[in-house]
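Undergrad: Structure incoming, see below.
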Amino acid sequence: MNPERERPAASGALPLVVANGLSKTFQTRRGGPVRAVRDVSFTLSQGESLGIFGESGSGKSTVSRLVLGLQRPDTGSVTFRGADISQLSGVQMRDLRRYFGAVFQEPFESLDSLWSVRRLVGESLTIHEPHLDREARETRIVASLRLAGLDETVLDRLPRQLSGGQQQRVGIARAIVLRPPLLVLDEPTSSLDVSVRYQILATLARLRRDEGLTYLLISHDLPTIRSVCNRVAVLHKGSIVEEGATSAVLDDPQHEYTQKLVRAQVLLPDSASRVPRP
Amino acid sequence: MSADGPGLLGAEALSVEYTTGGVRVVAVDRVTFTLKPGERLGIVGESGSGKSTVARAVLGTLPPAAQVTSGVLQVGGRSIEATARGGVSRDARGAEIGFVPQNPFGALNPILTLEKQFRNALRAHRRRATRAEARELAVRAMAGVGLAKPAMLLRARPHELSGGMKQRVVVALATWLSPSLVIADEPTTGLDLINQRLIMDLLRKGASDEGRSLLLVTHDLPMAAEYCARLLVMRAGRVVEEGSVNSILSNPKHEYTRQLIHSVAMLESGRLEDGTESSMDGAAR
């Protein structure tokens, strides 16, 4: 694989990620097996942003773990630039991880509380780019923090000395420090207040545009998906029931479940009139 | 409870402090509000705004680390000097004020059948009823919140119910004694969209059918705007703005309220930066 990050290509480019017929069943202590994911397929092209919408129990987090290679599917495969990740050895998998950045829901819990921001963000450089000297490393860490909307003043802070929004920005800086082509965002803003959420999502949208990143965003929040994703797949009881361009699916849903969801949303009255005209 | 006083529920210059690790933090700073009979009022704020503390002070269920430092509470037209714990007596909770807390898991006793929990609520309020009468009332309350096969469900324990069903049981328990007011603190947290709608519709229906007042505490501005007539916007322990939903949404006075409305409206319309439609993508259109 080419370690250089490719620029986003025109549509029709070679897909970055292909999930093909993924299924995963878990054994529960009571109640027998639960089919968490059933025959899920999707394609993610370079530069795209695909949202996987699902409510609790829909299997959306299992999908993100299967794509990240943290769990193996019972059937089906995930290919990254044509390579089947389930066929990779442990060492190959570790090497592959540098191409996948991941940001999770709970910013504080996903950051080691005893580590400084410098160490948190620099950790994957230590693993994957050990040849970097101190100065080059610091430069990369600071550049990453800046892209995530922070600056060098936070380098020596511990997670608890940061606000929730700043913690999640550290999570983003950590995820992009190796300049991976793909970011998997699993409920990245659902524990944040709406004004902070708005700012973080704006940062993610800017990053995607300016850095040519590809996103797989897992969320239960329709506005989050509408804001960040150009495509959406709606997951219900482990299966994708509807997929398409975000505006098409959310404005004119075809599946009964999606229609119910969209109708259940409580929106601000006259939302559209309260934002500047494009 | 009489419904003709100046206000059903209210607070005047209510202040609450928390003590953590020897440090005192003002969580609620001279908050004043009045809830009129039959009115639906939303207290809107983000985390740390003090909105839940106001509700707990009124209910008298502040945690040990918190105490009311000043203020007068009005409950059912009576003014009472707020005690350190705040609030109303236990007798009033449930009978006069129904409470729907954030977490249905914590609100129900995990080891008792639902029927037993309904019976215990009756006993706590010294209502006399035979077992059969109590069951009959409980069945009616469960059916009233749209739960199918209520008689059978009453024999279940909370863990056998889904999150949405549990919260419906909590709403039934909060409203079956016909209180004149329901206080709901983030009543839809953790529920999926369809159940969120359902719970809020139940609370609104109870309010309009029975002339019950609703105090809704929420971080969700669209939710408060949809289900309340008047809003109190809180930030850092203070009320920054108060008024009708219409006046606040169309003419917010405070910078914070403007920001909040802007964030929500931008997210809902899928635009993140000035005039840029962020989901706009050549490949998708």
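We label chains A, B, ... in the order they appear in the structure tokens, count residues from 1 in each chain, and number ligands from 1 in the order shown.
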How close does each residue of chain A get to chain B, giving the shortest atom pair and distance in Å to one decimal for every residue with an atom at most 8 Å away, counting only C-alpha atoms, sorted by chain and residue number, as CSV?
TA:
residue,atom,partner,partner_atom,distance
A:Ala10,CA,B:Ala283,CA,7.8
A:Ser11,CA,B:Ala283,CA,5.5
A:Glu55,CA,B:Asp192,CA,6.0
A:Ser56,CA,B:Asp192,CA,6.9
A:Asp193,CA,B:Glu46,CA,5.9
A:Val194,CA,B:Ser263,CA,6.7
A:Ser195,CA,B:Ser263,CA,5.5
A:Tyr198,CA,B:Ser263,CA,5.7
A:Leu201,CA,B:Leu272,CA,7.3
A:Ala202,CA,B:Leu272,CA,5.2
A:Ala205,CA,B:Ser278,CA,6.5
A:Pro223,CA,B:Glu268,CA,4.9
A:Thr224,CA,B:Leu267,CA,6.6
A:Arg226,CA,B:Gly270,CA,4.9
A:Ser227,CA,B:Gly270,CA,3.9
A:Val228,CA,B:Ser279,CA,5.6
A:Cys229,CA,B:Ser279,CA,5.4
A:Asn230,CA,B:Ser279,CA,4.8
A:Arg231,CA,B:Ala284,CA,7.1
A:Ala245,CA,B:Ala284,CA,5.6
A:Thr246,CA,B:Ser279,CA,7.5
A:Lys260,CA,B:Ile194,CA,7.4
A:Leu261,CA,B:Leu193,CA,6.4
A:Ala264,CA,B:Ile194,CA,5.4
A:Gln265,CA,B:Leu193,CA,6.4
A:Val266,CA,B:Met223,CA,6.0
A:Leu267,CA,B:Pro222,CA,5.2
A:Leu268,CA,B:Pro222,CA,4.4
A:Pro269,CA,B:Pro222,CA,7.5
A:Ser271,CA,B:Ala265,CA,4.9
A:Ala272,CA,B:Ser269,CA,6.0
A:Arg274,CA,B:Ala265,CA,6.1
A:Val275,CA,B:Met266,CA,6.0
A:Pro276,CA,B:Gly275,CA,5.9
A:Arg277,CA,B:Gly275,CA,5.9
A:Pro278,CA,B:Gly275,CA,3.9
Undergrad: Which range 159-275 of chain B residues have any atom within 10 Å of an atom of range 133-154 of chain B, and for each, what is the nearest pair of atoms with distance in Å to one decimal, counting only C-alpha atoms, rows sorted by chain and number, as a tab-separated table?
TA:
residue	atom	partner	partner_atom	distance
B:Glu160	CA	B:Leu153	CA	9.3
B:Leu161	CA	B:Leu153	CA	8.8
B:Met165	CA	B:Leu147	CA	7.3
B:Gln167	CA	B:Val145	CA	9.8
B:Arg168	CA	B:Val145	CA	6.0
B:Val169	CA	B:Met142	CA	6.6
B:Val170	CA	B:Val145	CA	9.7
B:Val171	CA	B:Val145	CA	7.4
B:Ala172	CA	B:Ala141	CA	5.4
B:Leu173	CA	B:Ala141	CA	7.7
B:Ala174	CA	B:Ala141	CA	9.8
B:Thr175	CA	B:Ala141	CA	8.0
B:Trp176	CA	B:Ala141	CA	5.6
B:Leu177	CA	B:Ala141	CA	9.2
B:Leu198	CA	B:Val145	CA	9.0
B:Ile199	CA	B:Val145	CA	8.4
B:Asp201	CA	B:Val145	CA	9.8
B:Leu202	CA	B:Val145	CA	6.6
B:Leu203	CA	B:Val145	CA	9.3
B:Gly206	CA	B:Gly144	CA	9.6
Undergrad: Near range 12-21 of chain A, counting only C-alpha atoms, which residues have an atom at most 8 Å away, once you skip same-chain residues fewer than 5 positions from it, shown as a list in words?
TA: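 These residues fall inside the cut-off: Arg38, Asp39, Val40, Ser41, Phe42, Thr43, Leu44, Ser45, Gln46, Val67, Thr75, Gly76, Ser77, Val78, Thr79, Phe80, Arg81 and Gly82 of chain A.
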Undergrad: Please provide as a list in words all residues within 12 Å of Glu152 in chain A, with the sequence filter that same-chain residues fewer than 4 positions apart are discarded (counting only C-alpha atoms).
TA: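 Answer for this query is Ser116, Val117, Arg118, Val121, Glu138, Thr139, Arg140, Ile141, Val142, Ala143, Ser144, Leu145, Arg146, Leu147, Ala148, Asp156, Arg157, Val170 and Ala173 of chain A.
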Undergrad: If you keep C-alpha atoms, can you produce a file of those selected residues as a compact mmCIF listing (two decimals), in the first residue's frame?
TA:
# COMPACT_ATOMS: atom_id res chain seq x y z
CA SER A 116 -0.36 14.74 28.19
CA VAL A 117 -1.93 15.89 24.94
CA ARG A 118 1.55 15.73 23.35
CA VAL A 121 -1.45 12.72 19.87
CA GLU A 138 6.60 18.02 17.59
CA THR A 139 5.90 19.72 14.27
CA ARG A 140 3.57 16.91 13.23
CA ILE A 141 1.76 16.94 16.59
CA VAL A 142 1.23 20.71 16.49
CA ALA A 143 0.08 20.60 12.84
CA SER A 144 -2.43 17.93 13.74
CA LEU A 145 -3.72 19.90 16.73
CA ARG A 146 -4.14 22.97 14.53
CA LEU A 147 -6.11 21.03 11.94
CA ALA A 148 -8.35 19.87 14.77
CA ASP A 156 1.26 19.77 28.23
CA ARG A 157 -2.32 19.51 29.48
CA VAL A 170 -7.59 15.97 20.84
CA ALA A 173 -5.90 15.33 16.25
Undergrad: Nearest residue to Ser219 in chain A out of A:Ile176, A:Gly69, A:Ala233, A:Leu250, using only C-alpha atoms?
TA: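 Smallest separation from Ser219 in chain A among the options: A:Ala233.
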Undergrad: Would you work out the distance separating CA of Glu39 in chain B from CA of Ser213 in chain B, expressed in Å to one decimal?
TA: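 Atom-to-atom, CA of Glu39 in chain B and CA of Ser213 in chain B are spaced 4.9 Å apart.
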Undergrad: So that I can check the secondary structure, give me every residue of range 30-234 of chain B assigned alpha helix (DSSP H) by backbone DSSP, as an NGL selection string.
TA: :B and (51-59 or 92-95 or 104-107 or 114-124 or 131-144 or 150-153 or 163-175 or 193-210 or 221-227)
Undergrad: Could the residues in this selection be saved with C-alpha atoms as a PDB file, in the first residue's frame?
TA:
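Result written to selection_39.pdb:
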ATOM      1  CA  LYS B  51     -31.405  23.481  34.854  1.00  0.00           C
ATOM      2  CA  SER B  52     -31.684  20.090  36.560  1.00  0.00           C
ATOM      3  CA  THR B  53     -30.621  21.568  39.890  1.00  0.00           C
ATOM      4  CA  VAL B  54     -33.564  23.980  39.710  1.00  0.00           C
ATOM      5  CA  ALA B  55     -35.940  21.044  39.219  1.00  0.00           C
ATOM      6  CA  ARG B  56     -34.387  19.068  42.045  1.00  0.00           C
ATOM      7  CA  ALA B  57     -34.449  22.038  44.387  1.00  0.00           C
ATOM      8  CA  VAL B  58     -38.151  22.496  43.724  1.00  0.00           C
ATOM      9  CA  LEU B  59     -38.765  18.790  44.271  1.00  0.00           C
ATOM     10  CA  ALA B  92     -46.730  16.329  47.685  1.00  0.00           C
ATOM     11  CA  ARG B  93     -44.503  14.428  45.300  1.00  0.00           C
ATOM     12  CA  GLY B  94     -46.547  11.969  43.333  1.00  0.00           C
ATOM     13  CA  ALA B  95     -49.902  13.257  44.546  1.00  0.00           C
ATOM     14  CA  PRO B 104     -36.046   5.053  33.702  1.00  0.00           C
ATOM     15  CA  PHE B 105     -33.674   2.398  35.071  1.00  0.00           C
ATOM     16  CA  GLY B 106     -33.107   4.408  38.224  1.00  0.00           C
ATOM     17  CA  ALA B 107     -36.748   5.384  38.576  1.00  0.00           C
ATOM     18  CA  LEU B 114     -44.623  -3.297  38.261  1.00  0.00           C
ATOM     19  CA  GLU B 115     -47.853  -4.034  40.129  1.00  0.00           C
ATOM     20  CA  LYS B 116     -46.042  -3.880  43.462  1.00  0.00           C
ATOM     21  CA  GLN B 117     -44.494  -0.549  42.495  1.00  0.00           C
ATOM     22  CA  PHE B 118     -47.907   0.910  41.703  1.00  0.00           C
ATOM     23  CA  ARG B 119     -49.225  -0.389  45.044  1.00  0.00           C
ATOM     24  CA  ASN B 120     -46.265   1.061  46.929  1.00  0.00           C
ATOM     25  CA  ALA B 121     -46.927   4.447  45.341  1.00  0.00           C
ATOM     26  CA  LEU B 122     -50.509   4.333  46.624  1.00  0.00           C
ATOM     27  CA  ARG B 123     -49.380   3.414  50.116  1.00  0.00           C
ATOM     28  CA  ALA B 124     -46.790   6.211  50.154  1.00  0.00           C
ATOM     29  CA  ARG B 131     -55.561  -4.942  45.948  1.00  0.00           C
ATOM     30  CA  ALA B 132     -58.154  -5.355  43.186  1.00  0.00           C
ATOM     31  CA  GLU B 133     -58.911  -1.621  43.091  1.00  0.00           C
ATOM     32  CA  ALA B 134     -55.214  -0.799  42.945  1.00  0.00           C
ATOM     33  CA  ARG B 135     -54.711  -3.238  40.105  1.00  0.00           C
ATOM     34  CA  GLU B 136     -57.670  -1.822  38.231  1.00  0.00           C
ATOM     35  CA  LEU B 137     -56.233   1.715  38.558  1.00  0.00           C
ATOM     36  CA  ALA B 138     -52.782   0.552  37.515  1.00  0.00           C
ATOM     37  CA  VAL B 139     -54.144  -1.279  34.472  1.00  0.00           C
ATOM     38  CA  ARG B 140     -55.943   1.876  33.432  1.00  0.00           C
ATOM     39  CA  ALA B 141     -52.784   3.954  33.910  1.00  0.00           C
ATOM     40  CA  MET B 142     -50.687   1.514  31.860  1.00  0.00           C
ATOM     41  CA  ALA B 143     -53.265   1.424  29.083  1.00  0.00           C
ATOM     42  CA  GLY B 144     -53.367   5.222  29.199  1.00  0.00           C
ATOM     43  CA  PRO B 150     -51.363  -3.985  30.718  1.00  0.00           C
ATOM     44  CA  ALA B 151     -52.716  -6.632  33.087  1.00  0.00           C
ATOM     45  CA  MET B 152     -50.055  -9.086  31.965  1.00  0.00           C
ATOM     46  CA  LEU B 153     -47.316  -6.470  31.958  1.00  0.00           C
ATOM     47  CA  GLY B 163     -36.208   1.275  27.425  1.00  0.00           C
ATOM     48  CA  GLY B 164     -39.190   2.891  25.724  1.00  0.00           C
ATOM     49  CA  MET B 165     -41.668   0.701  27.638  1.00  0.00           C
ATOM     50  CA  LYS B 166     -39.937   1.418  30.944  1.00  0.00           C
ATOM     51  CA  GLN B 167     -40.159   5.145  30.386  1.00  0.00           C
ATOM     52  CA  ARG B 168     -43.866   4.765  29.577  1.00  0.00           C
ATOM     53  CA  VAL B 169     -44.332   2.981  32.908  1.00  0.00           C
ATOM     54  CA  VAL B 170     -42.495   5.862  34.608  1.00  0.00           C
ATOM     55  CA  VAL B 171     -44.872   8.324  32.951  1.00  0.00           C
ATOM     56  CA  ALA B 172     -47.829   6.209  34.107  1.00  0.00           C
ATOM     57  CA  LEU B 173     -46.500   6.220  37.685  1.00  0.00           C
ATOM     58  CA  ALA B 174     -45.921   9.962  37.548  1.00  0.00           C
ATOM     59  CA  THR B 175     -49.405  10.777  36.337  1.00  0.00           C
ATOM     60  CA  LEU B 193     -36.570   8.883  18.040  1.00  0.00           C
ATOM     61  CA  ILE B 194     -39.923   7.157  17.807  1.00  0.00           C
ATOM     62  CA  ASN B 195     -40.102   6.582  21.578  1.00  0.00           C
ATOM     63  CA  GLN B 196     -38.957  10.151  22.242  1.00  0.00           C
ATOM     64  CA  ARG B 197     -41.932  11.413  20.259  1.00  0.00           C
ATOM     65  CA  LEU B 198     -44.242   9.002  21.992  1.00  0.00           C
ATOM     66  CA  ILE B 199     -43.196   9.991  25.529  1.00  0.00           C
ATOM     67  CA  MET B 200     -43.411  13.708  24.761  1.00  0.00           C
ATOM     68  CA  ASP B 201     -46.805  13.307  23.094  1.00  0.00           C
ATOM     69  CA  LEU B 202     -48.039  11.479  26.212  1.00  0.00           C
ATOM     70  CA  LEU B 203     -46.827  14.275  28.466  1.00  0.00           C
ATOM     71  CA  ARG B 204     -48.447  16.908  26.263  1.00  0.00           C
ATOM     72  CA  LYS B 205     -51.699  14.983  26.014  1.00  0.00           C
ATOM     73  CA  GLY B 206     -51.901  14.702  29.801  1.00  0.00           C
ATOM     74  CA  ALA B 207     -51.299  18.400  30.044  1.00  0.00           C
ATOM     75  CA  SER B 208     -53.989  19.398  27.567  1.00  0.00           C
ATOM     76  CA  ASP B 209     -56.616  16.769  28.506  1.00  0.00           C
ATOM     77  CA  GLU B 210     -56.406  17.253  32.237  1.00  0.00           C
ATOM     78  CA  LEU B 221     -34.198  23.371  22.189  1.00  0.00           C
ATOM     79  CA  PRO B 222     -36.405  22.001  19.383  1.00  0.00           C
ATOM     80  CA  MET B 223     -38.084  19.666  21.882  1.00  0.00           C
ATOM     81  CA  ALA B 224     -38.805  22.503  24.304  1.00  0.00           C
ATOM     82  CA  ALA B 225     -40.028  24.714  21.464  1.00  0.00           C
ATOM     83  CA  GLU B 226     -42.393  22.015  20.223  1.00  0.00           C
ATOM     84  CA  TYR B 227     -43.869  20.969  23.559  1.00  0.00           C
TER      85      TYR B 227
END
Undergrad: Do a neighbour search on Lys36 in chain B at 7 Å with only C-alpha atoms, toss out local chain neighbours closer than 2 positions, and write the hits as a list in words.
TA: Gly7, Leu8, Thr34, Gly38 and Glu39 of chain B
Undergrad: Report the distance between CA of Thr189 in chain A and CA of Gly51 in chain A in Å, rounded to one decimal place.
TA: 13.7 Å
Undergrad: For each of B:Leu181, B:Ala229, B:Ile43, B:Ala11, take the minimum atom-to-atom distance to Ser79 in chain B, counting only C-alpha atoms, then give the residue where this is smallest.
TA: B:Ala11
Undergrad: Please compute the CA of Val233 in chain B-CA of Gly71 in chain B distance, one decimal, in Å.
TA: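 Answer for the CA of Val233 in chain B to CA of Gly71 in chain B separation: 19.2 Å.
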Undergrad: Please provide as a list of chain:residue names all residues within 10 Å of Leu114 in chain A, with the sequence filter that same-chain residues fewer than 3 positions apart are discarded (counting only C-alpha atoms).
TA: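 Selected residues are A:Leu111, A:Val117, A:Arg119, A:Leu120, A:Arg157, A:Leu158, A:Pro159, A:Arg160.
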Undergrad: Go through B:Gly98, B:Gly22, B:Gly87, B:Pro37 one by one, measure the shortest atom-to-atom distance of each to Ala65 in chain B using only C-alpha atoms, and give the residue with the smallest value.
TA: B:Gly22
Undergrad: May I have all residues of range 69-263 of chain B that DSSP, computed from the backbone, assigns to strand (DSSP E or B), given as an MDAnalysis selection string?
TA: chainID B and resid 69:75 78:81 97:100 181:185 213:218 230:235 238:244
Undergrad: Give me the residues within 10 Å of range 95-100 of chain A as an MDAnalysis selection string, counting only C-alpha atoms and dropping any in the same chain fewer than 6 places off.
TA: chainID A and resid 1:5 67:69 80 85 88:89 124:125 127:129 175:184 214:215
Undergrad: Smallest atom-to-atom distance to Gly10 in chain B: which of B:Ala66, B:Val72, B:Leu232, B:Val26, using only C-alpha atoms?
TA: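 Checking each candidate against Gly10 in chain B, we get B:Val72 as the closest.
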